[in-house]
$ cat query-v4.tsv   # TSV, C-alpha atoms (C1' of nucleotides)
chain	number	residue	atom	x	y	z
A	1	MET	CA	-9.41	8.16	5.36
A	2	GLN	CA	-6.04	9.35	4.16
A	3	VAL	CA	-6.71	8.59	0.55
A	4	LEU	CA	-3.22	8.40	-0.87
A	5	SER	CA	-0.81	10.07	1.46
A	6	GLU	CA	1.98	10.44	-1.07
A	7	GLU	CA	4.61	9.35	1.43
A	8	ARG	CA	2.73	6.15	2.24
A	9	MET	CA	1.43	5.08	-1.12
A	10	ASP	CA	2.34	1.50	-0.33
A	11	THR	CA	-0.47	1.30	2.23
A	12	ALA	CA	-2.65	-1.75	1.81
A	13	PRO	CA	-6.17	-0.99	0.54
A	14	ARG	CA	-8.83	-0.71	3.20
A	15	SER	CA	-10.83	-3.40	1.50
A	16	GLY	CA	-10.75	-5.44	-1.66
A	17	CYS	CA	-13.99	-3.95	-2.93
A	18	PRO	CA	-13.45	-2.49	-6.42
A	19	ILE	CA	-15.47	0.59	-5.55
A	20	ASN	CA	-13.28	1.19	-2.54
A	21	ALA	CA	-10.19	0.55	-4.64
A	22	ALA	CA	-11.34	3.16	-7.14
A	23	VAL	CA	-12.29	5.61	-4.42
A	24	GLU	CA	-8.88	5.34	-2.80
A	25	VAL	CA	-7.41	6.77	-5.99
A	26	LEU	CA	-10.23	8.91	-7.38
A	27	GLY	CA	-12.00	9.83	-4.18
A	28	ASP	CA	-10.15	13.07	-3.77
A	29	PRO	CA	-11.92	16.08	-5.28
A	30	TRP	CA	-8.75	17.60	-6.66
A	31	ALA	CA	-7.57	14.38	-8.26
A	32	MET	CA	-10.77	14.25	-10.26
A	33	LEU	CA	-10.57	17.90	-11.28
A	34	VAL	CA	-6.95	17.62	-12.36
A	35	LEU	CA	-7.80	14.60	-14.50
A	36	ARG	CA	-10.74	16.48	-15.95
A	37	ASP	CA	-8.56	19.42	-17.00
A	38	ILE	CA	-5.97	17.12	-18.57
A	39	MET	CA	-8.63	15.11	-20.38
A	40	PHE	CA	-11.00	17.78	-21.60
A	41	GLY	CA	-8.84	20.87	-21.47
A	42	ASN	CA	-5.74	19.12	-22.78
A	43	ARG	CA	-3.65	20.88	-20.17
A	44	ARG	CA	-0.37	19.05	-20.06
A	45	TYR	CA	1.93	21.28	-18.02
A	46	PHE	CA	2.05	22.33	-14.40
A	47	ARG	CA	1.60	26.01	-15.09
A	48	GLU	CA	-1.19	25.36	-17.57
A	49	LEU	CA	-3.03	23.41	-14.93
A	50	VAL	CA	-2.60	26.13	-12.32
A	51	ALA	CA	-3.58	28.93	-14.65
A	52	GLY	CA	-6.50	27.16	-16.26
A	53	SER	CA	-8.01	25.78	-13.09
A	54	GLU	CA	-11.62	26.87	-12.91
A	55	GLU	CA	-11.66	26.07	-9.20
A	56	GLY	CA	-8.32	27.66	-8.35
A	57	ILE	CA	-6.03	24.83	-7.30
A	58	ALA	CA	-3.04	25.75	-5.13
A	59	THR	CA	0.40	24.83	-6.43
A	60	ASN	CA	1.30	22.62	-3.49
A	61	ILE	CA	-1.92	20.65	-3.86
A	62	LEU	CA	-1.41	20.31	-7.59
A	63	ALA	CA	2.15	19.10	-7.09
A	64	SER	CA	0.96	16.59	-4.53
A	65	ARG	CA	-1.88	15.28	-6.70
A	66	LEU	CA	0.26	14.98	-9.81
A	67	LYS	CA	2.74	12.89	-7.85
A	68	GLN	CA	-0.03	10.70	-6.50
A	69	LEU	CA	-1.59	10.20	-9.92
A	70	VAL	CA	1.77	9.30	-11.44
A	71	THR	CA	2.46	6.84	-8.63
A	72	ALA	CA	-1.03	5.39	-8.95
A	73	GLY	CA	-0.39	4.83	-12.65
A	74	LEU	CA	-2.96	7.23	-14.08
A	75	LEU	CA	-0.43	9.71	-15.41
A	76	THR	CA	3.10	9.66	-16.71
A	77	ARG	CA	5.54	12.52	-16.40
A	78	ALA	CA	7.84	13.00	-19.35
A	79	ASP	CA	11.34	13.39	-17.95
A	80	ALA	CA	12.60	16.84	-18.61
A	81	ARG	CA	15.65	18.62	-17.24
A	82	ARG	CA	15.00	20.90	-14.31
A	83	GLY	CA	13.71	24.28	-15.29
A	84	GLN	CA	12.31	22.84	-18.47
A	85	ARG	CA	8.66	22.11	-18.67
A	86	ALA	CA	7.57	18.53	-18.25
A	87	ALA	CA	4.51	17.14	-19.98
A	88	TYR	CA	2.03	14.98	-18.11
A	89	SER	CA	0.20	12.35	-20.12
A	90	LEU	CA	-2.68	10.05	-19.35
A	91	THR	CA	-1.98	6.35	-19.19
A	92	GLU	CA	-4.55	3.85	-20.39
A	93	ALA	CA	-5.81	3.58	-16.81
A	94	GLY	CA	-6.11	7.35	-16.72
A	95	ILE	CA	-8.01	7.44	-19.99
A	96	GLN	CA	-10.39	4.79	-18.66
A	97	VAL	CA	-11.51	7.24	-16.00
A	98	LEU	CA	-13.52	8.97	-18.72
A	99	PRO	CA	-16.66	6.86	-18.17
A	100	VAL	CA	-16.56	7.75	-14.48
A	101	MET	CA	-16.26	11.38	-15.46
A	102	VAL	CA	-19.22	11.07	-17.80
A	103	ALA	CA	-21.31	9.42	-15.08
A	104	LEU	CA	-20.38	12.20	-12.66
A	105	GLY	CA	-21.22	14.83	-15.26
A	106	ASP	CA	-24.57	13.20	-15.90
A	107	TRP	CA	-25.37	13.23	-12.24
A	108	GLY	CA	-24.23	16.81	-11.83
A	109	LEU	CA	-26.35	17.90	-14.77
A	110	ALA	CA	-29.44	16.22	-13.40
A	111	HIS	CA	-29.13	17.04	-9.72
A	112	ARG	CA	-27.20	20.26	-9.28
A	113	THR	CA	-27.64	23.63	-10.79
A	114	GLY	CA	-24.65	25.35	-12.28
A	115	ASP	CA	-23.36	27.79	-14.78
A	116	ARG	CA	-25.30	26.89	-17.87
A	117	ARG	CA	-22.38	27.66	-20.15
A	118	LEU	CA	-20.08	25.21	-18.39
A	119	ARG	CA	-22.65	22.48	-18.79
A	120	VAL	CA	-22.37	22.25	-22.56
A	121	ARG	CA	-19.59	19.70	-22.51
A	122	ALA	CA	-21.35	17.37	-20.11
A	123	GLU	CA	-24.55	17.67	-22.13
A	124	LEU	CA	-22.76	16.79	-25.34
A	125	LEU	CA	-21.14	13.77	-23.72
A	126	ARG	CA	-24.40	12.65	-22.20
A	127	ASP	CA	-26.30	12.92	-25.44
A	128	GLY	CA	-23.54	11.43	-27.55
A	129	GLY	CA	-23.92	8.06	-25.87
A	130	PRO	CA	-21.34	5.26	-25.71
A	131	GLU	CA	-20.23	5.90	-29.29
A	132	LEU	CA	-19.08	9.41	-28.50
A	133	VAL	CA	-17.35	8.23	-25.33
A	134	GLY	CA	-15.55	5.62	-27.38
A	135	ALA	CA	-14.51	8.21	-29.93
A	136	VAL	CA	-13.17	10.50	-27.21
A	137	ILE	CA	-11.25	7.60	-25.69
A	138	ASP	CA	-9.69	6.89	-29.08
A	139	GLU	CA	-8.60	10.45	-29.46
A	140	LEU	CA	-7.18	10.55	-25.94
A	141	ARG	CA	-5.17	7.45	-26.85
A	142	GLU	CA	-3.78	9.28	-29.84
A	143	LEU	CA	-2.98	12.45	-27.91
A	144	HIS	CA	-1.48	10.83	-24.84
A	145	LEU	CA	-0.25	7.42	-25.92
A	146	GLY	CA	0.58	8.10	-29.56
A	147	VAL	CA	-1.85	5.47	-30.82
A	148	PRO	CA	-2.69	6.53	-34.38
A	149	LEU	CA	-6.29	7.45	-35.04
A	150	ASN	CA	-8.33	6.25	-37.95
A	151	PRO	CA	-8.37	9.34	-40.19
A	152	GLU	CA	-11.78	8.34	-41.54
A	153	THR	CA	-13.58	8.87	-38.26
A	154	PRO	CA	-14.36	12.42	-37.17
A	155	ARG	CA	-12.45	13.82	-34.23
A	156	ALA	CA	-15.13	13.80	-31.63
A	157	SER	CA	-13.29	15.64	-28.92
A	158	ASP	CA	-12.42	18.54	-31.20
A	159	GLN	CA	-16.08	19.25	-31.28
A	160	LEU	CA	-16.31	18.94	-27.51
A	161	ARG	CA	-13.33	21.13	-26.89
A	162	ALA	CA	-14.53	23.79	-29.30
A	163	ALA	CA	-17.93	23.91	-27.64
A	164	TYR	CA	-16.34	24.10	-24.22
A	165	GLU	CA	-13.82	26.77	-25.08
A	166	ALA	CA	-16.48	28.87	-26.74
A	167	ALA	CA	-18.46	28.66	-23.52
A	168	VAL	CA	-15.49	29.64	-21.36
A	169	LEU	CA	-14.68	32.49	-23.69
A	170	GLU	CA	-18.24	33.69	-23.46
A	171	ARG	CA	-18.01	33.51	-19.69
A	172	THR	CA	-14.71	35.39	-19.60
A	173	THR	CA	-15.81	38.19	-21.88
A	174	SER	CA	-19.08	38.60	-20.02
A	175	GLU	CA	-17.11	38.84	-16.76
A	176	VAL	CA	-14.89	41.48	-18.32
A	177	ALA	CA	-17.96	43.31	-19.50
A	178	GLU	CA	-19.41	43.21	-16.00
A	179	SER	CA	-16.31	44.67	-14.36
B	1	MET	CA	-11.14	22.06	-0.95
B	2	GLN	CA	-13.52	21.77	1.96
B	3	VAL	CA	-15.96	19.54	0.13
B	4	LEU	CA	-19.10	20.10	2.13
B	5	SER	CA	-18.23	21.40	5.53
B	6	GLU	CA	-21.58	20.55	7.12
B	7	GLU	CA	-21.74	23.88	8.93
B	8	ARG	CA	-21.27	25.80	5.72
B	9	MET	CA	-23.33	23.84	3.26
B	10	ASP	CA	-24.62	27.05	1.77
B	11	THR	CA	-21.22	27.77	0.25
B	12	ALA	CA	-21.38	28.63	-3.41
B	13	PRO	CA	-19.93	25.97	-5.72
B	14	ARG	CA	-16.37	26.50	-6.82
B	15	SER	CA	-17.44	26.38	-10.40
B	16	GLY	CA	-20.54	25.65	-12.43
B	17	CYS	CA	-18.98	22.63	-14.08
B	18	PRO	CA	-21.26	19.62	-13.56
B	19	ILE	CA	-18.29	17.38	-12.81
B	20	ASN	CA	-17.17	19.80	-10.13
B	21	ALA	CA	-20.72	20.01	-8.81
B	22	ALA	CA	-20.85	16.23	-8.53
B	23	VAL	CA	-17.41	16.05	-6.97
B	24	GLU	CA	-18.34	18.58	-4.30
B	25	VAL	CA	-20.95	16.11	-3.08
B	26	LEU	CA	-19.50	12.74	-4.03
B	27	GLY	CA	-15.81	13.55	-3.96
B	28	ASP	CA	-15.35	12.40	-0.41
B	29	PRO	CA	-14.26	8.78	-0.08
B	30	TRP	CA	-16.53	8.09	2.87
B	31	ALA	CA	-19.60	9.58	1.22
B	32	MET	CA	-19.22	7.14	-1.63
B	33	LEU	CA	-18.69	4.16	0.66
B	34	VAL	CA	-21.68	5.02	2.82
B	35	LEU	CA	-23.87	5.26	-0.26
B	36	ARG	CA	-22.49	1.97	-1.49
B	37	ASP	CA	-23.40	0.20	1.76
B	38	ILE	CA	-26.89	1.67	1.75
B	39	MET	CA	-27.42	0.79	-1.91
B	40	PHE	CA	-25.91	-2.65	-2.15
B	41	GLY	CA	-25.89	-3.76	1.46
B	42	ASN	CA	-29.32	-2.30	2.24
B	43	ARG	CA	-27.97	-0.94	5.51
B	44	ARG	CA	-30.50	1.58	6.67
B	45	TYR	CA	-29.51	2.34	10.27
B	46	PHE	CA	-26.58	4.06	11.87
B	47	ARG	CA	-25.41	1.03	13.80
B	48	GLU	CA	-25.83	-1.24	10.80
B	49	LEU	CA	-23.59	1.05	8.82
B	50	VAL	CA	-20.94	1.14	11.52
B	51	ALA	CA	-20.99	-2.58	12.12
B	52	GLY	CA	-21.09	-3.58	8.46
B	53	SER	CA	-18.46	-1.18	7.22
B	54	GLU	CA	-15.83	-3.16	5.41
B	55	GLU	CA	-13.45	-0.24	5.72
B	56	GLY	CA	-14.19	0.58	9.35
B	57	ILE	CA	-15.81	3.99	9.37
B	58	ALA	CA	-15.64	5.95	12.63
B	59	THR	CA	-18.92	7.01	14.18
B	60	ASN	CA	-18.20	10.74	14.08
B	61	ILE	CA	-17.34	10.55	10.39
B	62	LEU	CA	-20.45	8.51	9.66
B	63	ALA	CA	-22.64	10.98	11.54
B	64	SER	CA	-21.06	13.85	9.64
B	65	ARG	CA	-21.47	12.19	6.25
B	66	LEU	CA	-25.06	11.17	6.86
B	67	LYS	CA	-25.88	14.78	7.72
B	68	GLN	CA	-24.13	16.03	4.62
B	69	LEU	CA	-25.87	13.52	2.38
B	70	VAL	CA	-29.26	14.40	3.84
B	71	THR	CA	-28.58	18.10	3.39
B	72	ALA	CA	-27.33	17.52	-0.14
B	73	GLY	CA	-30.56	15.70	-0.92
B	74	LEU	CA	-29.18	12.22	-1.53
B	75	LEU	CA	-30.67	10.70	1.60
B	76	THR	CA	-33.69	11.24	3.79
B	77	ARG	CA	-33.79	10.52	7.48
B	78	ALA	CA	-37.07	9.16	8.78
B	79	ASP	CA	-37.90	11.21	11.84
B	80	ALA	CA	-37.74	9.10	14.93
B	81	ARG	CA	-37.74	10.11	18.56
B	82	ARG	CA	-34.34	10.30	20.20
B	83	GLY	CA	-33.10	6.94	21.35
B	84	GLN	CA	-35.12	5.21	18.68
B	85	ARG	CA	-33.46	4.08	15.53
B	86	ALA	CA	-33.98	6.20	12.44
B	87	ALA	CA	-34.01	4.77	8.96
B	88	TYR	CA	-32.04	6.43	6.19
B	89	SER	CA	-33.42	6.14	2.68
B	90	LEU	CA	-32.07	7.03	-0.70
B	91	THR	CA	-33.75	9.83	-2.61
B	92	GLU	CA	-34.06	9.71	-6.37
B	93	ALA	CA	-30.84	11.74	-6.58
B	94	GLY	CA	-29.17	9.22	-4.32
B	95	ILE	CA	-30.40	6.31	-6.39
B	96	GLN	CA	-29.07	7.99	-9.51
B	97	VAL	CA	-25.57	7.71	-8.09
B	98	LEU	CA	-25.70	4.04	-9.04
B	99	PRO	CA	-24.27	4.59	-12.55
B	100	VAL	CA	-21.33	6.46	-11.02
B	101	MET	CA	-20.84	3.55	-8.66
B	102	VAL	CA	-20.92	1.11	-11.57
B	103	ALA	CA	-18.37	3.16	-13.48
B	104	LEU	CA	-16.10	3.28	-10.43
B	105	GLY	CA	-16.50	-0.45	-9.92
B	106	ASP	CA	-15.61	-1.08	-13.55
B	107	TRP	CA	-12.50	0.97	-13.23
B	108	GLY	CA	-11.52	-0.67	-9.97
B	109	LEU	CA	-11.98	-4.09	-11.48
B	110	ALA	CA	-9.84	-3.28	-14.47
B	111	HIS	CA	-7.07	-1.29	-12.86
B	112	ARG	CA	-6.66	-2.35	-9.24
B	113	THR	CA	-6.20	-5.73	-7.71
B	114	GLY	CA	-8.34	-6.70	-4.77
B	115	ASP	CA	-9.98	-9.46	-2.87
B	116	ARG	CA	-11.42	-11.60	-5.62
B	117	ARG	CA	-14.46	-12.51	-3.55
B	118	LEU	CA	-15.46	-8.89	-3.07
B	119	ARG	CA	-15.32	-8.32	-6.80
B	120	VAL	CA	-18.27	-10.53	-7.65
B	121	ARG	CA	-20.83	-7.77	-7.29
B	122	ALA	CA	-18.96	-5.35	-9.52
B	123	GLU	CA	-18.43	-8.07	-12.10
B	124	LEU	CA	-22.12	-8.90	-12.17
B	125	LEU	CA	-23.03	-5.25	-12.58
B	126	ARG	CA	-20.46	-4.74	-15.29
B	127	ASP	CA	-21.60	-7.77	-17.25
B	128	GLY	CA	-25.29	-7.13	-16.75
B	129	GLY	CA	-25.15	-3.96	-18.82
B	130	PRO	CA	-27.57	-1.04	-18.75
B	131	GLU	CA	-30.57	-3.37	-18.40
B	132	LEU	CA	-29.34	-4.73	-15.08
B	133	VAL	CA	-28.50	-1.23	-13.87
B	134	GLY	CA	-32.03	-0.18	-14.75
B	135	ALA	CA	-33.47	-3.14	-12.93
B	136	VAL	CA	-31.44	-2.38	-9.82
B	137	ILE	CA	-32.56	1.24	-9.97
B	138	ASP	CA	-36.17	0.09	-10.11
B	139	GLU	CA	-35.71	-2.09	-7.10
B	140	LEU	CA	-33.99	0.69	-5.17
B	141	ARG	CA	-36.99	2.89	-5.97
B	142	GLU	CA	-39.25	0.27	-4.47
B	143	LEU	CA	-37.13	-0.25	-1.38
B	144	HIS	CA	-36.40	3.39	-0.64
B	145	LEU	CA	-39.20	5.38	-2.24
B	146	GLY	CA	-42.03	2.87	-2.06
B	147	VAL	CA	-42.52	2.88	-5.82
B	148	PRO	CA	-44.21	-0.45	-6.59
B	149	LEU	CA	-42.23	-2.83	-8.72
B	150	ASN	CA	-43.61	-4.70	-11.68
B	151	PRO	CA	-44.02	-8.20	-10.24
B	152	GLU	CA	-43.39	-9.71	-13.67
B	153	THR	CA	-39.78	-8.63	-13.83
B	154	PRO	CA	-37.22	-10.54	-11.79
B	155	ARG	CA	-35.66	-8.81	-8.80
B	156	ALA	CA	-32.23	-8.11	-10.13
B	157	SER	CA	-30.63	-6.89	-6.97
B	158	ASP	CA	-31.69	-9.94	-4.98
B	159	GLN	CA	-29.35	-11.86	-7.20
B	160	LEU	CA	-26.63	-9.27	-6.66
B	161	ARG	CA	-27.09	-9.17	-2.93
B	162	ALA	CA	-27.12	-12.93	-2.63
B	163	ALA	CA	-23.89	-13.24	-4.59
B	164	TYR	CA	-22.28	-10.52	-2.52
B	165	GLU	CA	-23.37	-11.87	0.83
B	166	ALA	CA	-22.20	-15.32	-0.09
B	167	ALA	CA	-18.80	-13.84	-0.89
B	168	VAL	CA	-18.62	-11.92	2.38
B	169	LEU	CA	-19.70	-15.00	4.28
B	170	GLU	CA	-17.00	-17.00	2.58
B	171	ARG	CA	-14.50	-14.34	3.55
B	172	THR	CA	-15.67	-14.26	7.15
B	173	THR	CA	-15.60	-18.00	7.63
B	174	SER	CA	-12.21	-18.30	5.99
B	175	GLU	CA	-10.91	-15.56	8.31
B	176	VAL	CA	-12.32	-17.44	11.27
B	177	ALA	CA	-10.71	-20.60	9.98
B	178	GLU	CA	-7.39	-18.79	9.66
B	179	SER	CA	-7.41	-17.55	13.23
C	1	DG	C1'	-33.90	-0.27	38.03
C	2	DT	C1'	-30.69	-2.42	35.44
C	3	DT	C1'	-29.24	-3.59	30.95
C	4	DA	C1'	-28.92	-3.33	26.11
C	5	DG	C1'	-29.59	-0.66	22.14
C	6	DT	C1'	-30.50	3.94	19.73
C	7	DG	C1'	-28.02	7.99	17.21
C	8	DA	C1'	-24.79	10.45	17.86
C	9	DT	C1'	-20.99	14.08	20.50
C	10	DT	C1'	-16.55	15.21	22.64
C	11	DG	C1'	-11.56	15.57	23.40
C	12	DC	C1'	-7.27	15.12	21.51
C	13	DA	C1'	-3.23	14.04	18.65
C	14	DA	C1'	-2.04	13.65	13.92
C	15	DT	C1'	-2.72	14.97	9.36
C	16	DA	C1'	-4.28	17.71	5.32
C	17	DT	C1'	-5.61	22.04	3.37
C	18	DG	C1'	-5.28	26.88	1.65
C	19	DC	C1'	-2.48	30.65	0.92
C	20	DA	C1'	1.44	33.38	-0.26
C	21	DA	C1'	6.16	33.81	-0.62
C	22	DC	C1'	10.08	31.88	-2.38
C	23	DC	C1'	13.59	28.71	-4.86
C	24	DG	C1'	16.98	26.88	-8.20
C	25	DG	C1'	17.20	26.17	-12.87
C	26	DT	C1'	16.45	27.44	-17.98
C	27	DT	C1'	15.45	30.22	-21.93
C	28	DC	C1'	14.84	34.30	-24.40
C	29	DC	C1'	16.38	38.83	-25.78
C	30	DG	C1'	19.47	42.62	-26.14
D	1	DC	C1'	27.31	39.17	-20.27
D	2	DG	C1'	22.79	40.88	-17.74
D	3	DG	C1'	18.18	40.83	-16.76
D	4	DA	C1'	13.54	39.35	-17.25
D	5	DA	C1'	10.29	35.82	-17.87
D	6	DC	C1'	9.03	31.24	-17.41
D	7	DC	C1'	9.76	26.30	-15.62
D	8	DG	C1'	8.09	22.91	-11.94
D	9	DG	C1'	7.76	22.93	-7.82
D	10	DT	C1'	8.95	23.76	-2.14
D	11	DT	C1'	8.44	26.01	2.34
D	12	DG	C1'	6.19	28.05	6.41
D	13	DC	C1'	2.33	28.80	8.80
D	14	DA	C1'	-2.50	29.31	10.37
D	15	DT	C1'	-6.58	26.76	10.06
D	16	DA	C1'	-9.56	22.70	9.15
D	17	DT	C1'	-10.32	17.91	8.97
D	18	DT	C1'	-9.39	13.21	10.27
D	19	DG	C1'	-9.04	9.03	13.10
D	20	DC	C1'	-9.75	6.98	17.40
D	21	DA	C1'	-11.74	5.95	21.85
D	22	DA	C1'	-14.61	7.28	25.39
D	23	DT	C1'	-18.81	9.09	26.54
D	24	DC	C1'	-23.55	11.10	26.17
D	25	DA	C1'	-28.80	11.43	26.57
D	26	DC	C1'	-32.45	8.83	25.48
D	27	DT	C1'	-35.73	4.55	24.85
D	28	DA	C1'	-37.38	-0.11	25.32
D	29	DA	C1'	-37.36	-4.48	27.46
D	30	DC	C1'	-36.99	-7.41	31.39
$ encode --input "query-v4.tsv" --output "structure tokens"
Amino acid sequence: MQVLSEERMDTAPRSGCPINAAVEVLGDPWAMLVLRDIMFGNRRYFRELVAGSEEGIATNILASRLKQLVTAGLLTRADARRGQRAAYSLTEAGIQVLPVMVALGDWGLAHRTGDRRLRVRAELLRDGGPELVGAVIDELRELHLGVPLNPETPRASDQLRAAYEAAVLERTTSEVAES
Amino acid sequence: MQVLSEERMDTAPRSGCPINAAVEVLGDPWAMLVLRDIMFGNRRYFRELVAGSEEGIATNILASRLKQLVTAGLLTRADARRGQRAAYSLTEAGIQVLPVMVALGDWGLAHRTGDRRLRVRAELLRDGGPELVGAVIDELRELHLGVPLNPETPRASDQLRAAYEAAVLERTTSEVAES
DNA sequence: GTTAGTGATTGCAATATGCAACCGGTTCCG
DNA sequence: CGGAACCGGTTGCATATTGCAATCACTAAC
């Protein structure tokens, strides 16, 4: 359905249904995975995203999706001189994709099998409830939009990230051990 | 990323991440829209889905997506002799996509503009909270799985469907009036 | 036996994907 | 200065998927 064809981003939506409107932006697998890595992995640079991609995104696809997401208003690209690395940041609209991500993670946990170690993050988010989601949103606002965080409240996503990175590390070392 | 290529559904997932697992099934725009029409529009037959598609799905794409969704375990196809219409029903896994749908609708409402009349359903779902979502899930279980519904509780989705169909009707008649 | 309805399939042009090589620019280090 | 490493991409090309319209084999009703 030619989701967001990058050259023709001005195309009128296929319908005014909000679900369709969301799907026209988020309905591409790679768009979702790129957002996930920026959100949860705090990968802010092109090369970081390529290198850290669990699913192995190609550079042309990544370039295309980043452009689309910037044009769609989910990301901003900090202007940097050529040859110098440019940081991508989530906008508020991008941050608000988190609940969709949580819902997807929930569904994936319940209805697909997968590497148990990579499931930790989704399990934490599922079990943390709306409060944890709110806390993560607040921290994303601080990281990406510069909105100061209440120093009283614990940094929820630190916990998430630590759990996730420990799991990835475990996976990596066990792969090394296998080979 | 060759989401679910129908002939090669046995392909191993790209990663064990639950979000990726969900995206490999739900990451196709049409898959989501087909599920939406079955869930909210109660369209159970091939021709109904073609005719009622707000976005104009092509028959080959619909056939392909229905197969994929059956294989992925989100839908069942009632066996019917050739030439006789076959009913598609949601499985429990399919019904559980509702929260993802609600999250997408929320996001679409907040961050994209669209036909105001088609937004009614998403607004109702958003404002109804988890209780309404639960009630809709219960009614989907009755409709698609034959799980009896507590007759005491009101039929939440009747209300939703009525509001939605009124909006579509309004749209249709106004289009007719325009032409 | 014709007609309408069922769930699709087919052919074809246009588009998107996956992959690897490559590019111009910058920065670091000696 | 010279070279190497890193920066965000771009390019070419084979293959896969999409969108669209026509068509298919079959069933049921008249």
$ residues_around --input "query-v4.tsv" --residues "Glu123 (chain B)" --least-positions-apart "6" --cutoff "10 Å" --atoms "all atoms listed in the file" --output "ChimeraX atom specification"
/A:18 /B:102,105-106,109,160
$ residues_near_point --input "query-v4.tsv" --point "(-31.8, -3.1, 31.3)" --cutoff "8 Å" --atoms "all atoms listed in the file" --output "mmCIF file with C-alpha atoms (C1' of nucleotides), in the frame of the given file"
data_model
loop_
_atom_site.group_PDB
_atom_site.id
_atom_site.type_symbol
_atom_site.label_atom_id
_atom_site.label_comp_id
_atom_site.auth_asym_id
_atom_site.auth_seq_id
_atom_site.Cartn_x
_atom_site.Cartn_y
_atom_site.Cartn_z
ATOM 1 C "C1'" DG C 1 -33.900 -0.270 38.030
ATOM 2 C "C1'" DT C 2 -30.690 -2.420 35.440
ATOM 3 C "C1'" DT C 3 -29.240 -3.590 30.950
ATOM 4 C "C1'" DA C 4 -28.920 -3.330 26.110
ATOM 5 C "C1'" DA D 29 -37.360 -4.480 27.460
ATOM 6 C "C1'" DC D 30 -36.990 -7.410 31.390
#
$ interface_residues --input "query-v4.tsv" --of "chain B" --to "chain A" --cutoff "8 Å" --atoms "only C-alpha atoms" --output "tab-separated table (two decimals) with C-alpha atoms, keeping the file's coordinate frame"
chain	number	residue	atom	x	y	z
B	1	MET	CA	-11.14	22.06	-0.95
B	3	VAL	CA	-15.96	19.54	0.13
B	14	ARG	CA	-16.37	26.50	-6.82
B	15	SER	CA	-17.44	26.38	-10.40
B	16	GLY	CA	-20.54	25.65	-12.43
B	17	CYS	CA	-18.98	22.63	-14.08
B	18	PRO	CA	-21.26	19.62	-13.56
B	19	ILE	CA	-18.29	17.38	-12.81
B	20	ASN	CA	-17.17	19.80	-10.13
B	21	ALA	CA	-20.72	20.01	-8.81
B	22	ALA	CA	-20.85	16.23	-8.53
B	23	VAL	CA	-17.41	16.05	-6.97
B	24	GLU	CA	-18.34	18.58	-4.30
B	27	GLY	CA	-15.81	13.55	-3.96
B	28	ASP	CA	-15.35	12.40	-0.41
B	29	PRO	CA	-14.26	8.78	-0.08
B	30	TRP	CA	-16.53	8.09	2.87
B	32	MET	CA	-19.22	7.14	-1.63
B	33	LEU	CA	-18.69	4.16	0.66
B	54	GLU	CA	-15.83	-3.16	5.41
B	55	GLU	CA	-13.45	-0.24	5.72
B	93	ALA	CA	-30.84	11.74	-6.58
B	96	GLN	CA	-29.07	7.99	-9.51
B	97	VAL	CA	-25.57	7.71	-8.09
B	99	PRO	CA	-24.27	4.59	-12.55
B	100	VAL	CA	-21.33	6.46	-11.02
B	101	MET	CA	-20.84	3.55	-8.66
B	103	ALA	CA	-18.37	3.16	-13.48
B	104	LEU	CA	-16.10	3.28	-10.43
B	105	GLY	CA	-16.50	-0.45	-9.92
B	106	ASP	CA	-15.61	-1.08	-13.55
B	107	TRP	CA	-12.50	0.97	-13.23
B	108	GLY	CA	-11.52	-0.67	-9.97
B	109	LEU	CA	-11.98	-4.09	-11.48
B	111	HIS	CA	-7.07	-1.29	-12.86
B	112	ARG	CA	-6.66	-2.35	-9.24
B	113	THR	CA	-6.20	-5.73	-7.71
B	114	GLY	CA	-8.34	-6.70	-4.77
B	115	ASP	CA	-9.98	-9.46	-2.87
B	116	ARG	CA	-11.42	-11.60	-5.62
B	118	LEU	CA	-15.46	-8.89	-3.07
B	119	ARG	CA	-15.32	-8.32	-6.80
B	122	ALA	CA	-18.96	-5.35	-9.52
$ atom_distance --input "query-v4.tsv" --atom1 "CA of His144 (chain A)" --atom2 "CA of Asn42 (chain A)"
9.5 Å
$ atom_distance --input "query-v4.tsv" --atom1 "CA of Gln68 (chain A)" --atom2 "C1' of DG9 (chain D)"
14.6 Å
$ atom_distance --input "query-v4.tsv" --atom1 "C1' of DC7 (chain D)" --atom2 "CA of Gln84 (chain A)"
5.2 Å
$ interface_residues --input "query-v4.tsv" --of "chain D" --to "chain A" --cutoff "9 Å" --atoms "all atoms listed in the file" --output "list in words"
DC6, DC7, DG8, DG9, DT10, DT18 and DG19 of chain D
$ closest_atom_pairs --input "query-v4.tsv" --of "chain C" --to "chain B" --cutoff "8 Å" --atoms "all atoms listed in the file" --output "tab-separated table"
residue	atom	partner	partner_atom	distance
C:DT6	C1'	B:Gly83	CA	4.3
C:DG7	C1'	B:Gly83	CA	6.6
C:DA8	C1'	B:Ala63	CA	6.7
C:DT9	C1'	B:Asn60	CA	7.8
C:DT17	C1'	B:Met1	CA	7.0
$ decode --input "query-v4.tsv" --residues "region 89-100 of chain B" --atoms "C-alpha atoms" --output "mmCIF file, in the first residue's frame"
data_model
loop_
_atom_site.group_PDB
_atom_site.id
_atom_site.type_symbol
_atom_site.label_atom_id
_atom_site.label_comp_id
_atom_site.auth_asym_id
_atom_site.auth_seq_id
_atom_site.Cartn_x
_atom_site.Cartn_y
_atom_site.Cartn_z
ATOM 1 C CA SER B 89 -13.191 -15.877 12.710
ATOM 2 C CA LEU B 90 -10.763 -14.358 15.136
ATOM 3 C CA THR B 91 -8.814 -16.691 17.388
ATOM 4 C CA GLU B 92 -7.943 -15.695 20.925
ATOM 5 C CA ALA B 93 -4.587 -14.437 19.626
ATOM 6 C CA GLY B 94 -6.434 -12.390 17.038
ATOM 7 C CA ILE B 95 -8.786 -10.947 19.615
ATOM 8 C CA GLN B 96 -5.810 -9.994 21.761
ATOM 9 C CA VAL B 97 -4.664 -7.657 19.019
ATOM 10 C CA LEU B 98 -7.389 -5.288 20.171
ATOM 11 C CA PRO B 99 -5.163 -3.477 22.700
ATOM 12 C CA VAL B 100 -2.606 -2.858 19.953
#
